[in-house]
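Here's work19.pdb, which has PDB, C-alpha atoms:
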ATOM      1  CA  MET A   1      -8.406  -2.848 -17.263  1.00  0.00           C
ATOM      2  CA  SER A   2     -11.619  -1.859 -15.522  1.00  0.00           C
ATOM      3  CA  SER A   3     -11.914  -0.153 -12.151  1.00  0.00           C
ATOM      4  CA  ALA A   4     -13.316  -3.385 -10.703  1.00  0.00           C
ATOM      5  CA  GLU A   5     -10.241  -5.284 -11.872  1.00  0.00           C
ATOM      6  CA  ILE A   6      -7.922  -2.665 -10.377  1.00  0.00           C
ATOM      7  CA  LEU A   7      -9.809  -2.923  -7.075  1.00  0.00           C
ATOM      8  CA  HIS A   8      -9.623  -6.708  -7.198  1.00  0.00           C
ATOM      9  CA  HIS A   9      -5.881  -6.797  -7.874  1.00  0.00           C
ATOM     10  CA  THR A  10      -5.015  -4.215  -5.239  1.00  0.00           C
ATOM     11  CA  ALA A  11      -7.173  -6.145  -2.727  1.00  0.00           C
ATOM     12  CA  VAL A  12      -5.280  -9.358  -3.564  1.00  0.00           C
ATOM     13  CA  PHE A  13      -2.006  -7.478  -3.255  1.00  0.00           C
ATOM     14  CA  LEU A  14      -2.922  -6.079   0.185  1.00  0.00           C
ATOM     15  CA  SER A  15      -4.208  -9.466   1.354  1.00  0.00           C
ATOM     16  CA  GLU A  16      -0.853 -11.001   0.396  1.00  0.00           C
ATOM     17  CA  ILE A  17       0.974  -8.382   2.447  1.00  0.00           C
ATOM     18  CA  LEU A  18      -1.348  -8.797   5.429  1.00  0.00           C
ATOM     19  CA  SER A  19      -0.941 -12.570   5.383  1.00  0.00           C
ATOM     20  CA  GLN A  20       2.868 -12.402   5.603  1.00  0.00           C
ATOM     21  CA  ALA A  21       4.384 -10.854   8.735  1.00  0.00           C
ATOM     22  CA  GLU A  22       7.901 -11.255   7.327  1.00  0.00           C
ATOM     23  CA  LEU A  23       6.987  -9.239   4.234  1.00  0.00           C
ATOM     24  CA  ARG A  24       5.311  -6.512   6.328  1.00  0.00           C
ATOM     25  CA  HIS A  25       8.426  -6.184   8.486  1.00  0.00           C
ATOM     26  CA  HIS A  26      10.675  -6.080   5.414  1.00  0.00           C
ATOM     27  CA  LEU A  27       8.553  -3.271   3.946  1.00  0.00           C
ATOM     28  CA  HIS A  28       8.543  -1.443   7.277  1.00  0.00           C
ATOM     29  CA  SER A  29      12.359  -1.508   7.345  1.00  0.00           C
ATOM     30  CA  THR A  30      12.560  -0.406   3.711  1.00  0.00           C
ATOM     31  CA  PHE A  31      10.229   2.545   4.246  1.00  0.00           C
ATOM     32  CA  LEU A  32      12.008   3.610   7.455  1.00  0.00           C
ATOM     33  CA  LYS A  33      15.287   3.998   5.566  1.00  0.00           C
ATOM     34  CA  ARG A  34      13.616   6.576   3.313  1.00  0.00           C
ATOM     35  CA  LEU A  35      11.901   8.615   6.033  1.00  0.00           C
ATOM     36  CA  PRO A  36      13.088  11.802   7.674  1.00  0.00           C
ATOM     37  CA  THR A  37      14.190  11.037  11.244  1.00  0.00           C
ATOM     38  CA  ALA A  38      11.276  13.018  12.710  1.00  0.00           C
ATOM     39  CA  LEU A  39       8.740  10.619  11.137  1.00  0.00           C
ATOM     40  CA  VAL A  40      10.370   7.328  12.148  1.00  0.00           C
ATOM     41  CA  LYS A  41       8.959   7.153  15.679  1.00  0.00           C
ATOM     42  CA  PRO A  42       5.355   8.194  14.910  1.00  0.00           C
ATOM     43  CA  LEU A  43       5.059   5.932  11.860  1.00  0.00           C
ATOM     44  CA  THR A  44       6.646   3.022  13.706  1.00  0.00           C
ATOM     45  CA  PHE A  45       4.006   3.497  16.401  1.00  0.00           C
ATOM     46  CA  VAL A  46       1.286   3.436  13.722  1.00  0.00           C
ATOM     47  CA  PHE A  47       2.846   0.312  12.202  1.00  0.00           C
ATOM     48  CA  GLN A  48       2.797  -1.383  15.628  1.00  0.00           C
ATOM     49  CA  THR A  49      -0.827  -0.320  16.099  1.00  0.00           C
ATOM     50  CA  ILE A  50      -1.730  -1.941  12.767  1.00  0.00           C
ATOM     51  CA  GLU A  51       0.220  -5.070  13.729  1.00  0.00           C
ATOM     52  CA  ASN A  52      -1.836  -5.171  16.923  1.00  0.00           C
ATOM     53  CA  ALA A  53      -5.049  -4.943  14.887  1.00  0.00           C
ATOM     54  CA  ILE A  54      -3.871  -7.784  12.642  1.00  0.00           C
ATOM     55  CA  SER A  55      -2.902 -10.094  15.491  1.00  0.00           C
ATOM     56  CA  THR A  56      -5.803  -9.581  17.886  1.00  0.00           C
ATOM     57  CA  SER A  57      -8.829 -11.827  18.032  1.00  0.00           C
ATOM     58  CA  SER A  58     -10.916  -9.114  19.701  1.00  0.00           C
ATOM     59  CA  PRO A  59     -13.111  -7.184  17.248  1.00  0.00           C
ATOM     60  CA  SER A  60     -13.275  -4.172  19.583  1.00  0.00           C
ATOM     61  CA  ILE A  61      -9.476  -3.954  19.946  1.00  0.00           C
ATOM     62  CA  ARG A  62      -9.076  -4.398  16.198  1.00  0.00           C
ATOM     63  CA  SER A  63     -11.598  -1.653  15.465  1.00  0.00           C
ATOM     64  CA  SER A  64     -10.138   0.814  17.975  1.00  0.00           C
ATOM     65  CA  SER A  65      -6.574   0.095  16.764  1.00  0.00           C
ATOM     66  CA  LEU A  66      -7.579   0.760  13.158  1.00  0.00           C
ATOM     67  CA  ARG A  67      -9.420   3.976  14.074  1.00  0.00           C
ATOM     68  CA  LEU A  68      -6.388   5.194  16.041  1.00  0.00           C
ATOM     69  CA  ALA A  69      -4.002   4.338  13.198  1.00  0.00           C
ATOM     70  CA  GLU A  70      -6.210   6.121  10.642  1.00  0.00           C
ATOM     71  CA  LYS A  71      -6.542   9.207  12.842  1.00  0.00           C
ATOM     72  CA  LEU A  72      -2.773   9.395  13.370  1.00  0.00           C
ATOM     73  CA  LEU A  73      -2.008   8.893   9.674  1.00  0.00           C
ATOM     74  CA  LEU A  74      -4.489  11.533   8.538  1.00  0.00           C
ATOM     75  CA  SER A  75      -3.191  14.058  11.078  1.00  0.00           C
ATOM     76  CA  ASN A  76       0.391  13.897   9.757  1.00  0.00           C
ATOM     77  CA  PRO A  77       1.921  14.927   6.423  1.00  0.00           C
ATOM     78  CA  SER A  78       1.403  12.349   3.706  1.00  0.00           C
ATOM     79  CA  ASN A  79       4.364  10.341   2.432  1.00  0.00           C
ATOM     80  CA  PRO A  80       4.751   6.944   0.712  1.00  0.00           C
ATOM     81  CA  PHE A  81       4.965   5.019   4.012  1.00  0.00           C
ATOM     82  CA  SER A  82       1.923   6.729   5.515  1.00  0.00           C
ATOM     83  CA  SER A  83       0.013   6.037   2.283  1.00  0.00           C
ATOM     84  CA  PHE A  84       1.044   2.381   2.473  1.00  0.00           C
ATOM     85  CA  LEU A  85      -0.025   2.124   6.118  1.00  0.00           C
ATOM     86  CA  LEU A  86      -3.292   3.861   5.314  1.00  0.00           C
ATOM     87  CA  SER A  87      -3.931   1.314   2.547  1.00  0.00           C
ATOM     88  CA  LEU A  88      -3.530  -1.481   5.110  1.00  0.00           C
ATOM     89  CA  VAL A  89      -5.890   0.266   7.541  1.00  0.00           C
ATOM     90  CA  TYR A  90      -8.503   0.784   4.828  1.00  0.00           C
ATOM     91  CA  HIS A  91      -8.176  -2.797   3.593  1.00  0.00           C
ATOM     92  CA  LEU A  92      -8.616  -4.155   7.118  1.00  0.00           C
ATOM     93  CA  SER A  93     -11.617  -1.830   7.514  1.00  0.00           C
ATOM     94  CA  HIS A  94     -13.198  -3.198   4.296  1.00  0.00           C
ATOM     95  CA  ARG A  95     -12.878   0.134   2.470  1.00  0.00           C
ATOM     96  CA  GLY A  96     -11.648  -1.188  -0.862  1.00  0.00           C
ATOM     97  CA  VAL A  97     -11.640   1.983  -2.935  1.00  0.00           C
ATOM     98  CA  ASP A  98      -9.811   3.971  -0.252  1.00  0.00           C
ATOM     99  CA  ALA A  99      -7.318   1.114   0.217  1.00  0.00           C
ATOM    100  CA  SER A 100      -6.636   0.983  -3.529  1.00  0.00           C
ATOM    101  CA  LEU A 101      -6.182   4.722  -3.869  1.00  0.00           C
ATOM    102  CA  SER A 102      -3.788   4.828  -0.920  1.00  0.00           C
ATOM    103  CA  LEU A 103      -1.759   1.911  -2.251  1.00  0.00           C
ATOM    104  CA  LEU A 104      -1.644   3.342  -5.753  1.00  0.00           C
ATOM    105  CA  ASP A 105      -0.496   6.651  -4.271  1.00  0.00           C
ATOM    106  CA  VAL A 106       2.602   4.868  -2.923  1.00  0.00           C
ATOM    107  CA  PHE A 107       3.656   3.696  -6.372  1.00  0.00           C
ATOM    108  CA  GLU A 108       2.700   6.973  -8.004  1.00  0.00           C
ATOM    109  CA  ARG A 109       5.026   8.829  -5.628  1.00  0.00           C
ATOM    110  CA  GLU A 110       7.813   6.242  -5.434  1.00  0.00           C
ATOM    111  CA  PRO A 111       7.752   3.693  -8.300  1.00  0.00           C
ATOM    112  CA  SER A 112      11.135   2.360  -7.191  1.00  0.00           C
ATOM    113  CA  LEU A 113       9.555   1.012  -3.987  1.00  0.00           C
ATOM    114  CA  SER A 114       7.750  -1.655  -5.970  1.00  0.00           C
ATOM    115  CA  SER A 115      10.974  -3.654  -6.192  1.00  0.00           C
ATOM    116  CA  HIS A 116      10.787  -4.276  -2.440  1.00  0.00           C
ATOM    117  CA  PHE A 117       7.440  -6.049  -2.729  1.00  0.00           C
ATOM    118  CA  CYS A 118       8.856  -9.278  -4.203  1.00  0.00           C
ATOM    119  CA  PHE A 119       9.616 -12.525  -2.427  1.00  0.00           C
ATOM    120  CA  LYS A 120       8.877 -15.260  -4.989  1.00  0.00           C
ATOM    121  CA  ASN A 121       7.316 -14.221  -8.302  1.00  0.00           C
ATOM    122  CA  CYS A 122       7.009 -11.128 -10.451  1.00  0.00           C
ATOM    123  CA  ILE A 123       4.161  -9.194 -11.981  1.00  0.00           C
ATOM    124  CA  TRP A 124       3.714  -6.408 -14.480  1.00  0.00           C
ATOM    125  CA  PHE A 125       3.306  -2.998 -12.987  1.00  0.00           C
ATOM    126  CA  ILE A 126       1.597  -0.557 -15.335  1.00  0.00           C
ATOM    127  CA  SER A 127       1.286   3.087 -14.563  1.00  0.00           C
ATOM    128  CA  LEU A 128      -1.766   4.971 -15.779  1.00  0.00           C
ATOM    129  CA  ARG A 129      -1.692   8.709 -16.012  1.00  0.00           C
ATOM    130  CA  SER A 130      -4.461  10.872 -17.355  1.00  0.00           C
ATOM    131  CA  LEU A 131      -3.145  13.167 -20.078  1.00  0.00           C
ATOM    132  CA  ASN A 132      -5.627  15.635 -21.534  1.00  0.00           C
ATOM    133  CA  GLY A 133      -8.497  13.180 -21.177  1.00  0.00           C
ATOM    134  CA  THR A 134      -6.558  10.255 -22.612  1.00  0.00           C
ATOM    135  CA  THR A 135      -4.797   7.427 -20.819  1.00  0.00           C
ATOM    136  CA  ARG A 136      -1.127   6.751 -21.449  1.00  0.00           C
ATOM    137  CA  ARG A 137       0.220   3.321 -20.525  1.00  0.00           C
ATOM    138  CA  ASP A 138       3.820   3.131 -19.438  1.00  0.00           C
ATOM    139  CA  PRO A 139       4.708  -0.556 -18.917  1.00  0.00           C
ATOM    140  CA  ARG A 140       7.587  -1.372 -16.637  1.00  0.00           C
ATOM    141  CA  PHE A 141       8.588  -4.693 -15.184  1.00  0.00           C
ATOM    142  CA  PHE A 142       8.857  -4.682 -11.394  1.00  0.00           C
ATOM    143  CA  PRO A 143       8.983  -7.626  -9.010  1.00  0.00           C
ATOM    144  CA  LEU A 144       6.095  -7.215  -6.612  1.00  0.00           C
ATOM    145  CA  PHE A 145       4.546  -9.996  -4.586  1.00  0.00           C
ATOM    146  CA  PRO A 146       4.237 -13.774  -4.235  1.00  0.00           C
ATOM    147  CA  SER A 147       1.165 -14.374  -6.371  1.00  0.00           C
ATOM    148  CA  CYS A 148       1.232 -13.276 -10.010  1.00  0.00           C
ATOM    149  CA  ALA A 149      -1.368 -10.693 -10.952  1.00  0.00           C
ATOM    150  CA  LEU A 150      -1.661  -7.432 -12.824  1.00  0.00           C
ATOM    151  CA  VAL A 151      -1.564  -4.304 -10.717  1.00  0.00           C
ATOM    152  CA  MET A 152      -2.114  -0.876 -12.132  1.00  0.00           C
ATOM    153  CA  THR A 153      -1.496   2.490 -10.577  1.00  0.00           C
ATOM    154  CA  ALA A 154      -3.901   5.292 -11.163  1.00  0.00           C
ATOM    155  CA  THR A 155      -3.892   8.946 -10.371  1.00  0.00           C
ATOM    156  CA  LYS A 156      -6.378   9.969  -7.712  1.00  0.00           C
ATOM    157  CA  ASN A 157      -8.486  11.757 -10.310  1.00  0.00           C
ATOM    158  CA  GLN A 158      -9.279   8.497 -12.097  1.00  0.00           C
ATOM    159  CA  SER A 159     -12.821   7.521 -11.202  1.00  0.00           C
ATOM    160  CA  PHE A 160     -13.608   4.232  -9.498  1.00  0.00           C
TER     161      PHE A 160
END
Rendering of file as C-alpha cells:
Amino acid sequence: MSSAEILHHTAVFLSEILSQAELRHHLHSTFLKRLPTALVKPLTFVFQTIENAISTSSPSIRSSSLRLAEKLLLSNPSNPFSSFLLSLVYHLSHRGVDASLSLLDVFEREPSLSSHFCFKNCIWFISLRSLNGTTRRDPRFFPLFPSCALVMTATKNQSF
C-alpha cells in the first residue's frame, strides 16, 4: 500500500469518527479508563475543546479552539489518548500527514484499542514495522469503524 493510500484511509477513518458524536464519546470513555488519574482532567478539557471546534459555525472559534487543543496536547506527555486527540486536531486543521502519524501512533502503542473503534462493520488492520530496511506485515483482524477500508499502521520513521 502506498503512502497516499495510507493517508487516504486514515483521513476516511478520522472523518468517520468526526461525523459521529456517539463514537467520539465512546472512545473518550474508553481512553479515560486507561489513563492515570492525573491526566483525566486535562485531556477531558482538551476533548471538550475539540468538541467545541467541531460544533461551532464560527471559523475564528474553531481555529482558536484547535490551536489551544494542539498547544495543550504538545505541552503534556504523549500517550495513546493524546495522540488520538492530536490526530483529530490535525485532521480538522487539514494537516493530513500529521493526522495520520498521530493516529497510527495510537495503534502502534496500543493495538488492543482498535477493537473499540467498531460500531457496524470490520476492516483489516495491518501493522507495518521497518526491520533492517525491510517491511514485515503482521495481519490481524480488528473491528474498527463503520465503513470498510484498509488501514495500516506505520512507524514514525516510515516516509510519507
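Each of A:Ala53, A:Phe47, A:Leu72, A:Phe13 was compared to Leu32 in chain A using only C-alpha atoms, and A:Phe47 turns out to be the nearest.
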Q) Which value, in Å to one decimal, gives the distance between CA of Ala69 in chain A and CA of Leu43 in chain A? A)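 Straight-line distance from CA of Ala69 in chain A to CA of Leu43 in chain A works out to 9.3 Å.
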Q: Please indicate the distance in Å from CA of Leu14 in chain A to CA of Ala38 in chain A, rounded to one decimal place.
A: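 Separation of CA of Leu14 in chain A and CA of Ala38 in chain A: 26.9 Å.
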Closest pair table for range 25-68 of chain A residues within 8 Å of range 89-98 of chain A, all atoms listed in the file, as CSV:
residue,atom,partner,partner_atom,distance
A:Ile50,CA,A:Val89,CA,7.0
A:Ser63,CA,A:Ser93,CA,8.0
A:Leu66,CA,A:Val89,CA,5.9
Q: Find the residues around Ser78 in chain A up to 12 Å (only C-alpha atoms counted), leave out those fewer than 3 positions away in its own chain, and share them as a ChimeraX atom specification.
A: /A:35,39,43,72-75,81-86,102,105-106,109
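Considering the residues A:Ser65, A:Phe31, A:Gln20, A:Thr56 and counting only C-alpha atoms, Thr44 in chain A has its shortest atom-to-atom contact with A:Phe31.
Selection around (8.8, -1.9, 4.8) with radius 10 Å, counting all atoms listed in the file, yields the residues A:Glu22, A:Leu23, A:Arg24, A:His25, A:His26, A:Leu27, A:His28, A:Ser29, A:Thr30, A:Phe31, A:Leu32, A:Lys33, A:Arg34, A:Phe47, A:Phe81, A:Phe84, A:Leu85, A:Leu113, A:His116, A:Phe117.
Across the model, the gap from CA of Pro77 in chain A to CA of Ser3 in chain A is 27.6 Å.
Nearest to Phe107 in chain A of all the residues A:Asn79, A:Ser60, A:Ser19, A:Leu88 is A:Asn79, based on all atoms listed in the file.
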